[in-house]
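The next block is start.pdb, given as PDB, C-alpha atoms and all ligand atoms.
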```
ATOM      1  CA  THR W   1     -22.760  58.605  31.916
ATOM      2  CA  ASP W   2     -23.829  58.713  35.576
ATOM      3  CA  TYR W   3     -21.091  57.849  38.018
ATOM      4  CA  GLU W   4     -21.421  57.204  41.758
ATOM      5  CA  ASN W   5     -17.784  57.063  42.845
ATOM      6  CA  ILE W   6     -16.042  59.545  40.578
ATOM      7  CA  LEU W   7     -16.550  63.006  39.100
ATOM      8  CA  VAL W   8     -15.719  63.547  35.452
ATOM      9  CA  GLU W   9     -15.177  66.815  33.647
ATOM     10  CA  ARG W  10     -13.265  68.260  30.732
ATOM     11  CA  LYS W  11     -11.350  71.496  30.500
ATOM     12  CA  GLY W  12     -10.407  72.173  26.912
ATOM     13  CA  ARG W  13      -8.396  69.178  25.719
ATOM     14  CA  VAL W  14      -7.872  67.817  29.259
ATOM     15  CA  GLY W  15     -10.088  65.149  30.821
ATOM     16  CA  ILE W  16     -10.308  65.152  34.621
ATOM     17  CA  ILE W  17     -11.304  62.167  36.763
ATOM     18  CA  THR W  18     -11.771  62.878  40.483
ATOM     19  CA  LEU W  19     -12.060  59.911  42.847
ATOM     20  CA  ASN W  20     -15.041  60.719  45.030
ATOM     21  CA  ARG W  21     -15.762  58.358  47.928
ATOM     22  CA  PRO W  22     -14.923  60.848  50.695
ATOM     23  CA  LYS W  23     -16.388  58.732  53.525
ATOM     24  CA  ALA W  24     -13.960  55.917  52.720
ATOM     25  CA  LEU W  25     -10.951  58.111  51.833
ATOM     26  CA  ASN W  26     -11.509  57.080  48.199
ATOM     27  CA  ALA W  27     -10.946  53.390  48.938
ATOM     28  CA  LEU W  28     -10.907  51.610  45.590
ATOM     29  CA  ASN W  29     -13.899  49.280  45.506
ATOM     30  CA  ALA W  30     -14.905  47.317  42.422
ATOM     31  CA  ALA W  31     -17.537  49.849  41.356
ATOM     32  CA  LEU W  32     -15.042  52.719  41.526
ATOM     33  CA  MET W  33     -12.529  50.731  39.480
ATOM     34  CA  ARG W  34     -15.118  50.025  36.784
ATOM     35  CA  GLU W  35     -16.116  53.685  36.648
ATOM     36  CA  VAL W  36     -12.529  54.934  36.401
ATOM     37  CA  VAL W  37     -11.817  52.513  33.568
ATOM     38  CA  VAL W  38     -14.991  53.449  31.641
ATOM     39  CA  ALA W  39     -14.390  57.195  32.044
ATOM     40  CA  ALA W  40     -10.707  56.913  31.138
ATOM     41  CA  GLN W  41     -11.437  54.754  28.082
ATOM     42  CA  GLU W  42     -14.030  57.293  26.902
ATOM     43  CA  PHE W  43     -11.456  60.073  27.141
ATOM     44  CA  ASP W  44      -8.890  57.833  25.439
ATOM     45  CA  ALA W  45     -11.204  57.213  22.482
ATOM     46  CA  ASP W  46     -11.865  60.956  22.110
ATOM     47  CA  HIS W  47      -9.274  62.702  19.968
ATOM     48  CA  GLY W  48     -10.429  65.978  21.469
ATOM     49  CA  ILE W  49      -8.694  64.887  24.670
ATOM     50  CA  GLY W  50      -4.895  65.076  24.754
ATOM     51  CA  ALA W  51      -4.197  64.370  28.431
ATOM     52  CA  ILE W  52      -6.019  62.944  31.440
ATOM     53  CA  VAL W  53      -5.661  64.074  35.063
ATOM     54  CA  ILE W  54      -6.693  61.707  37.843
ATOM     55  CA  THR W  55      -6.941  63.108  41.335
ATOM     56  CA  GLY W  56      -8.604  62.614  44.721
ATOM     57  CA  SER W  57      -9.358  64.909  47.646
ATOM     58  CA  ASP W  58      -7.144  67.009  49.908
ATOM     59  CA  ARG W  59      -7.161  64.191  52.470
ATOM     60  CA  ALA W  60      -6.663  61.236  50.194
ATOM     61  CA  PHE W  61      -5.840  60.336  46.624
ATOM     62  CA  ALA W  62      -6.915  56.846  47.702
ATOM     63  CA  ALA W  63      -6.315  54.990  50.984
ATOM     64  CA  GLY W  64      -6.033  51.691  49.158
ATOM     65  CA  ALA W  65      -8.208  48.906  47.907
ATOM     66  CA  ASP W  66     -11.485  48.689  49.835
ATOM     67  CA  ILE W  67     -10.530  46.532  52.811
ATOM     68  CA  LYS W  68     -14.129  46.100  53.932
ATOM     69  CA  GLU W  69     -15.181  44.874  50.500
ATOM     70  CA  MET W  70     -12.404  42.289  50.219
ATOM     71  CA  ALA W  71     -12.053  41.195  53.867
ATOM     72  CA  THR W  72     -14.334  38.140  53.616
ATOM     73  CA  LEU W  73     -13.699  37.114  50.010
ATOM     74  CA  SER W  74     -12.686  33.505  49.455
ATOM     75  CA  TYR W  75      -9.818  32.396  47.246
ATOM     76  CA  GLN W  76     -12.442  30.890  44.918
ATOM     77  CA  GLU W  77     -14.056  34.322  44.430
ATOM     78  CA  VAL W  78     -10.809  36.292  44.230
ATOM     79  CA  TYR W  79      -9.322  33.934  41.654
ATOM     80  CA  LEU W  80     -12.424  33.536  39.489
ATOM     81  CA  ASP W  81     -13.125  37.273  39.470
ATOM     82  CA  GLY W  82      -9.465  38.095  38.839
ATOM     83  CA  LEU W  83      -9.487  40.574  41.737
ATOM     84  CA  PHE W  84      -7.920  43.917  40.660
ATOM     85  CA  SER W  85      -7.160  42.695  37.118
ATOM     86  CA  GLY W  86      -9.604  45.308  35.816
ATOM     87  CA  TRP W  87      -6.958  47.975  36.394
ATOM     88  CA  LYS W  88      -4.913  46.577  33.509
ATOM     89  CA  ALA W  89      -7.130  48.492  31.079
ATOM     90  CA  PHE W  90      -6.146  51.706  32.873
ATOM     91  CA  THR W  91      -2.480  50.990  32.142
ATOM     92  CA  GLU W  92      -3.270  50.437  28.472
ATOM     93  CA  LEU W  93      -4.571  53.949  27.771
ATOM     94  CA  ARG W  94      -2.643  55.704  25.019
ATOM     95  CA  THR W  95      -3.407  59.209  26.270
ATOM     96  CA  PRO W  96      -0.834  60.560  28.770
ATOM     97  CA  VAL W  97      -2.219  60.312  32.314
ATOM     98  CA  ILE W  98      -1.170  62.580  35.171
ATOM     99  CA  ALA W  99      -1.814  61.623  38.785
ATOM    100  CA  ALA W 100      -2.317  64.631  41.081
ATOM    101  CA  VAL W 101      -1.837  63.232  44.580
ATOM    102  CA  ALA W 102      -2.652  64.938  47.886
ATOM    103  CA  GLY W 103      -2.907  63.140  51.225
ATOM    104  CA  TYR W 104      -2.915  59.353  51.411
ATOM    105  CA  ALA W 105      -1.817  57.267  48.439
ATOM    106  CA  LEU W 106      -1.585  53.917  50.183
ATOM    107  CA  GLY W 107      -1.685  50.362  48.894
ATOM    108  CA  GLY W 108      -3.843  50.343  45.790
ATOM    109  CA  GLY W 109      -3.836  54.157  45.892
ATOM    110  CA  CYS W 110      -0.057  54.227  45.498
ATOM    111  CA  GLU W 111      -0.328  51.497  42.865
ATOM    112  CA  VAL W 112      -2.881  53.415  40.765
ATOM    113  CA  ALA W 113      -0.718  56.544  41.025
ATOM    114  CA  MET W 114       2.217  54.481  39.730
ATOM    115  CA  MET W 115       0.124  53.305  36.762
ATOM    116  CA  CYS W 116       0.037  56.936  35.615
ATOM    117  CA  ASP W 117       2.671  58.551  33.403
ATOM    118  CA  ILE W 118       3.492  61.615  35.493
ATOM    119  CA  LEU W 119       3.009  61.786  39.232
ATOM    120  CA  ILE W 120       2.634  65.255  40.750
ATOM    121  CA  ALA W 121       2.379  65.378  44.532
ATOM    122  CA  ALA W 122       1.156  67.940  47.015
ATOM    123  CA  ASP W 123       3.494  68.477  49.952
ATOM    124  CA  THR W 124       0.826  66.660  52.023
ATOM    125  CA  ALA W 125       1.107  63.433  50.023
ATOM    126  CA  LYS W 126       1.901  60.192  51.842
ATOM    127  CA  PHE W 127       2.858  57.122  49.865
ATOM    128  CA  GLY W 128       3.105  53.561  51.112
ATOM    129  CA  GLN W 129       2.393  49.893  50.578
ATOM    130  CA  PRO W 130       0.969  48.869  53.981
ATOM    131  CA  GLU W 131      -0.557  45.596  52.742
ATOM    132  CA  ILE W 132       1.795  43.569  54.943
ATOM    133  CA  ASN W 133      -0.071  44.970  57.954
ATOM    134  CA  LEU W 134      -3.257  43.382  56.570
ATOM    135  CA  GLY W 135      -1.658  39.984  56.073
ATOM    136  CA  VAL W 136      -1.271  40.307  52.307
ATOM    137  CA  ILE W 137       1.152  41.820  49.802
ATOM    138  CA  PRO W 138       0.582  44.528  47.162
ATOM    139  CA  GLY W 139      -1.673  43.142  44.435
ATOM    140  CA  MET W 140      -1.975  45.873  41.813
ATOM    141  CA  GLY W 141       1.644  46.190  40.772
ATOM    142  CA  GLY W 142       3.258  47.490  43.962
ATOM    143  CA  THR W 143       6.019  44.899  44.170
ATOM    144  CA  GLN W 144       6.819  45.407  40.479
ATOM    145  CA  ARG W 145       6.360  49.110  39.680
ATOM    146  CA  LEU W 146       7.741  50.473  42.968
ATOM    147  CA  ILE W 147      11.078  48.694  42.545
ATOM    148  CA  ARG W 148      11.398  50.023  38.985
ATOM    149  CA  ALA W 149      10.510  53.519  40.150
ATOM    150  CA  ILE W 150      12.637  53.840  43.299
ATOM    151  CA  GLY W 151      14.966  50.825  43.340
ATOM    152  CA  LYS W 152      15.221  47.758  45.532
ATOM    153  CA  ALA W 153      16.487  49.370  48.721
ATOM    154  CA  LYS W 154      13.547  51.672  49.293
ATOM    155  CA  ALA W 155      10.950  49.389  47.702
ATOM    156  CA  MET W 156      11.900  46.578  50.106
ATOM    157  CA  ASP W 157      11.909  49.039  53.016
ATOM    158  CA  LEU W 158       8.387  50.274  52.222
ATOM    159  CA  ILE W 159       6.848  46.917  51.294
ATOM    160  CA  LEU W 160       8.324  44.945  54.214
ATOM    161  CA  THR W 161       7.778  47.537  56.962
ATOM    162  CA  GLY W 162       4.543  49.043  55.623
ATOM    163  CA  ARG W 163       5.753  52.530  56.565
ATOM    164  CA  THR W 164       4.597  55.610  54.706
ATOM    165  CA  MET W 165       6.876  58.028  52.863
ATOM    166  CA  GLY W 166       6.240  61.763  52.534
ATOM    167  CA  ALA W 167       6.250  63.819  49.352
ATOM    168  CA  GLU W 168       9.832  65.065  49.733
ATOM    169  CA  GLU W 169      11.207  61.575  50.220
ATOM    170  CA  ALA W 170       9.082  60.353  47.296
ATOM    171  CA  GLU W 171      10.540  63.030  45.041
ATOM    172  CA  ARG W 172      14.107  62.310  46.159
ATOM    173  CA  ALA W 173      13.502  58.625  45.493
ATOM    174  CA  GLY W 174      12.216  59.286  41.990
ATOM    175  CA  LEU W 175       8.590  58.228  42.492
ATOM    176  CA  VAL W 176       7.280  61.737  41.974
ATOM    177  CA  ALA W 177       8.034  64.205  39.167
ATOM    178  CA  ARG W 178       7.216  67.377  41.114
ATOM    179  CA  VAL W 179       6.138  68.396  44.614
ATOM    180  CA  VAL W 180       4.018  71.538  44.952
ATOM    181  CA  PRO W 181       2.140  73.259  47.788
ATOM    182  CA  ALA W 182      -1.221  71.522  48.290
ATOM    183  CA  ALA W 183      -3.120  74.644  47.225
ATOM    184  CA  ASP W 184      -1.387  74.584  43.827
ATOM    185  CA  LEU W 185      -1.764  70.868  43.101
ATOM    186  CA  LEU W 186      -4.674  70.845  40.675
ATOM    187  CA  ASP W 187      -3.580  74.007  38.854
ATOM    188  CA  THR W 188      -0.106  72.560  38.357
ATOM    189  CA  ALA W 189      -1.472  69.231  37.127
ATOM    190  CA  LEU W 190      -3.837  71.019  34.729
ATOM    191  CA  GLU W 191      -1.012  73.208  33.457
ATOM    192  CA  VAL W 192       1.155  70.152  32.750
ATOM    193  CA  ALA W 193      -1.805  68.363  31.137
ATOM    194  CA  THR W 194      -2.693  71.386  28.999
ATOM    195  CA  THR W 195       0.916  71.650  27.833
ATOM    196  CA  ILE W 196       0.918  67.989  26.794
ATOM    197  CA  ALA W 197      -2.525  68.236  25.193
ATOM    198  CA  ALA W 198      -1.276  71.004  22.875
ATOM    199  CA  LYS W 199       1.318  68.688  21.300
ATOM    200  CA  SER W 200       0.628  66.455  18.334
ATOM    201  CA  LEU W 201      -1.644  63.687  19.669
ATOM    202  CA  PRO W 202      -0.068  60.803  17.722
ATOM    203  CA  VAL W 203       3.409  62.009  18.683
ATOM    204  CA  ALA W 204       2.408  62.129  22.366
ATOM    205  CA  TYR W 205       1.013  58.596  22.047
ATOM    206  CA  ALA W 206       4.286  57.455  20.452
ATOM    207  CA  ALA W 207       6.402  59.135  23.138
ATOM    208  CA  LYS W 208       4.373  57.561  25.947
ATOM    209  CA  GLU W 209       4.454  54.125  24.350
ATOM    210  CA  SER W 210       8.211  54.272  23.797
ATOM    211  CA  VAL W 211       8.892  55.225  27.410
ATOM    212  CA  GLN W 212       6.561  52.453  28.570
ATOM    213  CA  VAL W 213       8.565  49.945  26.521
ATOM    214  CA  ALA W 214      11.653  50.990  28.516
ATOM    215  CA  PHE W 215       9.838  49.963  31.677
ATOM    216  CA  GLU W 216       8.924  46.559  30.340
ATOM    217  CA  SER W 217      11.750  45.311  28.113
ATOM    218  CA  THR W 218      15.485  45.191  27.605
ATOM    219  CA  LEU W 219      17.599  48.162  26.496
ATOM    220  CA  SER W 220      18.271  46.757  23.027
ATOM    221  CA  GLU W 221      14.612  45.970  22.416
ATOM    222  CA  GLY W 222      13.625  49.379  23.696
ATOM    223  CA  LEU W 223      16.150  51.110  21.456
ATOM    224  CA  ARG W 224      14.877  49.159  18.460
ATOM    225  CA  PHE W 225      11.291  50.118  19.280
ATOM    226  CA  GLU W 226      12.249  53.753  19.763
ATOM    227  CA  ARG W 227      14.179  53.970  16.499
ATOM    228  CA  SER W 228      11.435  52.511  14.326
ATOM    229  CA  THR W 229       8.763  54.534  16.106
ATOM    230  CA  PHE W 230      10.845  57.699  15.685
ATOM    231  CA  GLN W 231      11.310  56.960  11.978
ATOM    232  CA  SER W 232       7.587  56.285  11.511
ATOM    233  CA  LEU W 233       6.752  59.777  12.755
ATOM    234  CA  PHE W 234       8.126  61.165   9.484
ATOM    235  CA  ALA W 235       4.882  59.887   7.957
ATOM    236  CA  LEU W 236       2.952  62.498   9.950
ATOM    237  CA  ALA W 237       2.077  66.008   8.810
ATOM    238  CA  ASP W 238       2.865  67.097  12.378
ATOM    239  CA  GLN W 239       6.556  66.269  11.861
ATOM    240  CA  LYS W 240       6.685  68.463   8.756
ATOM    241  CA  GLU W 241       4.774  71.213  10.579
ATOM    242  CA  GLY W 242       6.884  71.063  13.753
ATOM    243  CA  MET W 243      10.186  71.273  11.888
ATOM    244  CA  ALA W 244       8.935  73.905   9.429
ATOM    245  CA  ALA W 245       7.724  76.044  12.332
ATOM    246  CA  PHE W 246      11.190  75.908  13.904
ATOM    247  CA  THR W 247      12.851  76.934  10.648
ATOM    248  CA  GLU W 248      10.331  79.742  10.095
ATOM    249  CA  LYS W 249      10.719  80.918  13.722
ATOM    250  CA  ARG W 250       7.007  80.532  14.564
ATOM    251  CA  ASP W 251       4.856  78.362  16.852
ATOM    252  CA  PRO W 252       3.819  74.992  15.419
ATOM    253  CA  HIS W 253       0.145  74.320  14.711
ATOM    254  CA  PHE W 254      -0.353  70.623  15.183
ATOM    255  CA  ILE W 255      -3.354  68.861  13.687
ATOM    256  CA  ASN W 256      -4.036  67.277  17.091
ATOM    257  CA  GLY W 257      -6.021  64.178  16.264
TER     258      GLY W 257
HETATM  259  C1  LIG W 301     -11.953  50.658  53.281
HETATM  260  C2  LIG W 301     -11.243  52.556  54.340
HETATM  261  C3  LIG W 301      -9.939  52.382  53.826
HETATM  262  C4  LIG W 301      -9.703  51.260  52.977
HETATM  263  C5  LIG W 301      -9.955  54.162  55.039
HETATM  264  N1  LIG W 301     -11.204  53.665  55.083
HETATM  265  N2  LIG W 301      -9.171  53.398  54.274
HETATM  266  N3  LIG W 301     -12.235  51.699  54.061
HETATM  267  N4  LIG W 301     -10.744  50.423  52.738
HETATM  268  N5  LIG W 301      -8.517  51.017  52.418
HETATM  269  C6  LIG W 301     -12.350  54.211  55.804
HETATM  270  C7  LIG W 301     -12.226  53.977  57.301
HETATM  271  O1  LIG W 301     -12.646  52.693  57.630
HETATM  272  C8  LIG W 301     -13.151  55.041  57.850
HETATM  273  O2  LIG W 301     -14.493  54.601  57.692
HETATM  274  C9  LIG W 301     -12.938  56.194  56.865
HETATM  275  O3  LIG W 301     -12.395  55.617  55.680
HETATM  276  C10 LIG W 301     -11.963  57.222  57.396
HETATM  277  O4  LIG W 301     -10.753  56.565  57.750
HETATM  278  P1  LIG W 301     -10.077  56.665  59.200
HETATM  279  O5  LIG W 301      -9.274  55.435  59.382
HETATM  280  O6  LIG W 301     -11.109  56.976  60.230
HETATM  281  O7  LIG W 301      -9.166  57.941  58.980
HETATM  282  P2  LIG W 301      -7.788  58.273  59.722
HETATM  283  O8  LIG W 301      -7.877  57.910  61.179
HETATM  284  O9  LIG W 301      -7.461  59.662  59.320
HETATM  285  O10 LIG W 301      -6.715  57.273  59.080
HETATM  286  C11 LIG W 301      -6.399  57.352  57.701
HETATM  287  C12 LIG W 301      -5.595  56.093  57.256
HETATM  288  C13 LIG W 301      -6.394  54.835  57.652
HETATM  289  C14 LIG W 301      -4.226  56.093  57.953
HETATM  290  C15 LIG W 301      -5.385  56.190  55.741
HETATM  291  O11 LIG W 301      -7.754  54.981  57.168
HETATM  292  C16 LIG W 301      -5.829  53.580  57.087
HETATM  293  O12 LIG W 301      -4.847  53.047  57.581
HETATM  294  N6  LIG W 301      -6.484  53.013  56.026
HETATM  295  C17 LIG W 301      -6.088  51.778  55.434
HETATM  296  C18 LIG W 301      -4.832  51.965  54.611
HETATM  297  C19 LIG W 301      -4.407  50.639  53.980
HETATM  298  O13 LIG W 301      -4.084  49.683  54.648
HETATM  299  N7  LIG W 301      -4.421  50.585  52.643
HETATM  300  C20 LIG W 301      -4.069  49.430  51.901
HETATM  301  C21 LIG W 301      -5.323  48.660  51.596
HETATM  302  S1  LIG W 301      -4.924  47.100  50.838
HETATM  303  P3  LIG W 301     -15.517  54.648  58.927
HETATM  304  O14 LIG W 301     -16.746  54.008  58.360
HETATM  305  O15 LIG W 301     -14.880  53.921  60.036
HETATM  306  O16 LIG W 301     -15.671  56.122  59.188
HETATM  307  C22 LIG W 301      -4.533  47.475  49.268
HETATM  308  C23 LIG W 301      -3.864  46.385  48.539
HETATM  309  C24 LIG W 301      -4.565  45.861  47.406
HETATM  310  O17 LIG W 301      -4.712  48.531  48.783
HETATM  311  C25 LIG W 301      -3.855  44.685  46.833
HETATM  312  C26 LIG W 301      -3.573  43.553  47.766
HETATM  313  C27 LIG W 301      -4.669  43.162  48.684
END
```

Let me see the structure of the file written as structure tokens.
Ligand code: HXC
Amino acid sequence: TDYENILVERKGRVGIITLNRPKALNALNAALMREVVVAAQEFDADHGIGAIVITGSDRAFAAGADIKEMATLSYQEVYLDGLFSGWKAFTELRTPVIAAVAGYALGGGCEVAMMCDILIAADTAKFGQPEINLGVIPGMGGTQRLIRAIGKAKAMDLILTGRTMGAEEAERAGLVARVVPAADLLDTALEVATTIAAKSLPVAYAAKESVQVAFESTLSEGLRFERSTFQSLFALADQKEGMAAFTEKRDPHFING
């Protein structure tokens, strides 16, 4: 497929999507969103891919939704087109997705990063929800996912003031799994992705889905989902292989899709 706003490549069992609108600091216009979703869904359907990395440039993961594209839209257009609802498909991928964030991750950029399963930040990363400065509020999950990730105190602070937060603060707050020097960002993300992609694919799917349920339901429902999902994994050859390998003191060889 030919893409205009992203670069797509694969390294072994890892699929890489690079946001590539450098002149607009990777602002997320509708065309870019469609391309990301198509590329990610293609990787997701491919059992030769066990993890996806999404990244941007040194300067920006993404500086938000494309303000110029949406500035003059009417309510009629925004409502009928379901502005930004296309990102839902990105949150429904079963393959683990790692966001590798350097530079600006603002507004929609922060929101897309939060749609991913593991967020790895360069020490240059800057996160924020500055929509209030544009006369709107976050519209791609910012008011919902940020509070679950970092709690009410900081989420309210960021969303109401529009200030940005650096990588260290983001890690302390729990938004980010790891902070690394900018020069090491992609290598670290690829290493994490390669590690995940070597696991049993259905087990990785099940682990991701179970953690996602925790985000979206009650504790008792989540525990019920986890228990039955855990039990169902005993139907897989990979469970027999993984446990046999431990007993035999060797590395497991998972079937991997
Ligand atoms: C469209 C954008 C953009 C954006 C940057 N650009 N962000 N275009 N939408 N979100 C463009 C600039 O217009 C400029 O184009 C080029 O990228 C370089 O940006 P500069 O501003 O010149 O760079 P710099 O001075 O380094 O400042 C970087 C920045 C600033 C601090 C990130 O660009 C900025 O504040 N951007 C907007 C951040 C923001 O508000 N994001 C939230 C968007 S709303 P030209 O052509 O002039 O060179 C959102 C919410 C969605 O995401 C859901 C609810 C609506």

Hits from the PyMOL selection byres (((not hetatm)) within 10 of (chain W and resi 301)), listed as a ChimeraX atom specification: /W:21-29,59-60,62-71,83-84,103-112,126,128-142,162,164

The PyMOL selection byres (((chain W and resi 183-190) around 12) and not hetatm) resolved against shown file, as number ranges by chain: W: 10-18, 50-58, 61, 97-103, 118-125, 177-182, 191-197

Nearest to Leu93 in chain W by atom-to-atom distance, counting only C-alpha atoms, from W:Ala167, W:Val78, W:Leu73, W:Cys116: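 Nearest to Leu93 in chain W: W:Cys116.
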
Range 35-45 of chain W surroundings by only C-alpha atoms, 7 Å radius, close-in-sequence under 2 positions cut, as JSON, numbers by chain: {"W": [3, 15, 31, 32, 33, 47, 49, 89, 90, 93, 94, 95]}

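We find CA of Phe215 in chain W and CA of Ile150 in chain W to be spaced 12.6 Å apart.
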
Given only C-alpha atoms as the counted atoms, nearest of W:Gly82, W:Lys208, W:Ala173, W:Thr218 to Ala153 in chain W: W:Ala173

Straight-line distance linking CA of Trp87 in chain W with CA of Thr143 in chain W, stated in Å to one decimal: 15.4 Å

Residues in the PyMOL selection byres (((chain W and resi 239-252) around 12) and not hetatm), expressed as a list in words: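 The output of the PyMOL selection byres (((chain W and resi 239-252) around 12) and not hetatm) on this file is Ala198, Lys199, Ser200, Leu201, Pro202, Val203, Phe230, Gln231, Ser232, Leu233, Phe234, Ala235, Leu236, Ala237, Asp238, His253, Phe254, Ile255 and Asn256 of chain W.
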
Between CA of Arg227 in chain W and CA of Glu92 in chain W - distance in Å to one decimal: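 Here the two named atoms are 21.5 Å from each other.
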
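Those residues that approach Val213 in chain W to within 10 Å, counting all atoms listed in the file, are Lys208, Thr218, Leu219, Glu221, Gly222, Leu223, Phe225 and Glu226 of chain W; same-chain residues fewer than 5 positions away are not listed.
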
Counting only C-alpha atoms, the option among W:Glu9, W:Ile147, W:Phe127, W:Ala214 closest to Met165 in chain W: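 Of the candidates, the smallest distance to Met165 in chain W is held by W:Phe127.
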